[in-house]
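**Q** I have a structure here, written as structure tokens, and I will follow up with some questions on it.
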Amino acid sequence: MSLTDEILHPLHRHPWGGLLENAVDPELADLVIVGLPYDGGVSFRRGAAAGPARVRQVSTLGSAVTEDGMILRDLKIADLGDLEPSEPTHAYFEAVASRLSKLPKESFLIGLGGDHSVSVPLHRSVAQRWCEPFGIVHIDAHPDLFEIYAGDRLSHACPLRRAAELSHVGPERIISLGIRSVCDVEVEYASRAGLRMITAKEMARRDLDDVVGEVAERLSGLSRIYLDIDIDALDPSAAPGTGYPEPGGLSSREFLTLIERLFDKLPIRSMGLVEIAPPLDVNDLTSFVGMRTIFEVMGHLQRRKSA
Ligand SMILES: [Mn+2]
């Protein structure tokens, strides 16, 4: 049974709090959303393929308003729907990157996974659109820096390694936040390549503005940043519906404040939100975190537009 069957509320709206009632052509949009319902890259439990549909469903329940009460009526939004997976994976990813690289250079893209391997075509698509060096702020429990995992270079344990190989990125333009579950080969690679990881434990010890200041300093001089969010950066108590839960993560409050500060301090121009796995969720908590994150990002974009 879908959420729309379960709940027939009188305020029931179109996706994204009704914003899609005024959807515009993707060529004209400030913000373009796309779903990538693929979870063939997981190492443990599947379920993230159902993420885009469920987040869209819960987004019909609320108003398009930020947690501060900013009404999101000034943004032009397009939702491309889902780009359905096909075999083999590398061809699917090429098709995704090709489709998304045709978006206008200045469109803010939100790619909604899917497991973290969908970041591979998302990173490639922005590299092709932007044609200049860019930074990646990566928020995740895991570094995802495997060269190859279980024989698969497109595993969800590898996307940041693939990003580090892009000529416009490189390991020195990636900074990972919230890390707390690493493998030996990932630590060795990060240290050798100069990729900075700030662990969840270090973040708990430091002032948030200090952490964000370090991120901004490290990525200074770049005019475009991609924000790569794996929902398992949050503590499983806040986001249980994910394939590889790890204790000791961010509270939803800490996470939303981190996102706000990053948008204040950095030229974030596109993002991905991955690893929301509705079949593993409890009371749709994780899909609601995803929806809230997207509404807050819309708020930051609206604030920028009116500045
Ligand atoms: Mn992860």
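Letters A, B, ... go to the chains of the structure tokens in the order shown; residues in each chain start at 1; ligands are counted from 1 in the same order.
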Quick one: residues within 8 Å of ligand 1, with only C-alpha atoms and all ligand atoms, as a PyMOL selection string?
**A** chain A and resi 116+140-144+157+230-233+244-245+275
**Q** Using only C-alpha atoms, which protein or nucleic acid residues come within 6 Å of A:Asp79? Drop anything in the same chain fewer than 2 positions from it, and give the result as a list in words.
**A**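 The residues satisfying every condition are Val32, Ile33, Val34 and Gly81 of chain A.
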**Q** Would you please work out which residue, of A:Ile229, A:Val282, A:Met271, A:Val42, is nearest to A:His123 when using only C-alpha atoms?
**A**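 The closest residue to A:His123 is A:Met271.
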**Q** For A:Thr286, which residue among A:Ala238, A:Val274, A:Leu258, A:Cys131 is the nearest when counting only C-alpha atoms?
**A**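 Comparing A:Ala238, A:Val274, A:Leu258, A:Cys131 against A:Thr286, the winner is A:Ala238.
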**Q** Check the smallest atom-to-atom distance from each of A:Met203, A:Ala23, A:Ala127, A:Ile110 to A:Ala164 using only C-alpha atoms, then report the winner.
**A**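 With only C-alpha atoms as the atom set, the closest residue is A:Ala127.
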**Q** Find the residues near A:Gly241: any atom within 7 Å, counting only C-alpha atoms, skip ones fewer than 2 places away on the same chain, and give them as a list of chain:residue names.
**A** A:Ala239, A:Gly243, A:Ile276, A:Ala277, A:Pro278, A:Leu280, A:Asp281, A:Val282, A:Thr286
**Q** Store the residues picked out above in a file with C-alpha atoms, as a compact mmCIF listing (two decimals), in the first residue's frame.
**A**
# COMPACT_ATOMS: atom_id res chain seq x y z
CA ALA A 239 17.51 8.18 10.04
CA GLY A 243 21.22 0.08 4.23
CA ILE A 276 17.22 6.65 1.90
CA ALA A 277 15.82 3.09 1.98
CA PRO A 278 12.06 3.14 2.72
CA LEU A 280 14.14 -0.50 6.03
CA ASP A 281 12.58 2.60 7.58
CA VAL A 282 10.60 3.18 10.78
CA THR A 286 14.20 8.85 7.03
**Q** Tell me which protein, DNA and RNA residues are within 9 Å of A:Phe146, counting only C-alpha atoms, leaving out same-chain ones fewer than 4 positions away, and put them as a PyMOL selection string.
**A** chain A and resi 153+155+157-162+183+185-186+189
**Q** Enumerate as a list in words all residues of stretch 74-121 of chain A assigned to alpha helix (DSSP H) by DSSP on the backbone, naming them with the chain letters and numbers the document uses.
**A**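 DSSP on the backbone gives alpha helix (DSSP H) at Thr89, His90, Ala91, Tyr92, Phe93, Glu94, Ala95, Val96, Ala97, Ser98, Arg99, Leu100, Ser101, Ser119, Val120 and Pro121 of chain A.
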**Q** Would you list the contacts of stretch 52-61 of chain A as an NGL selection string, taking every protein, DNA or RNA residue within 6 Å and counting only C-alpha atoms, but skipping same-chain residues closer than 4 positions in sequence?
**A** :A and (12-17 or 35 or 112 or 287 or 291)
**Q** Excluding A:Arg261 and residues on its chain fewer than 2 positions from it, collect all residues at most 12 Å away from it, counting only C-alpha atoms, and give them as a list in words.
**A**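 Listing them by chain and then by number gives Asp207, Leu208, Asp209, Asp210, Val211, Val212, Gly213, Val215, Ala216, Glu254, Phe255, Leu256, Thr257, Leu258, Ile259, Phe263, Asp264, Lys265, Leu266, Pro267, Ile268, Glu296, Val297 and His300 of chain A.
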**Q** What does the structure give for the distance between atom CA of A:Gly272 and atom CA of A:Glu172, in Å to one decimal?
**A** 19.8 Å
**Q** Would you work out the distance separating atom CA of A:Gln128 from atom CA of A:Leu103, expressed in Å to one decimal?
**A**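 Between these atoms lies a distance of 10.1 Å.
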**Q** Could you list, as a PyMOL selection string, every residue within 10 Å of A:Gly299, counting only C-alpha atoms and ignoring same-chain residues fewer than 6 positions away?
**A** chain A and resi 64-75+260+293+305
**Q** Please return, as a ChimeraX atom specification, all residues of stretch 172-257 of chain A that DSSP assigns to strand (DSSP E or B) on the basis of the backbone.
**A** /A:174-179,196-199,225-230,234,250
**Q** What is the atom CA of A:Asp39 to atom CA of A:Leu19 distance in Å?
**A** 27.7 Å
**Q** Which of these, A:Leu227, A:Leu301, A:Ala49, A:Val169, has the shortest distance to A:Asp30 once you count only C-alpha atoms?
**A**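 Counting only C-alpha atoms, the residue closest to A:Asp30 is A:Leu301.
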**Q** Point out the residue among A:His90, A:Arg224, A:Arg206, A:Arg292 with the least atom-to-atom distance to A:Glu106, counting only C-alpha atoms.
**A**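 Using only C-alpha atoms, A:Glu106 sits closest to A:Arg224.
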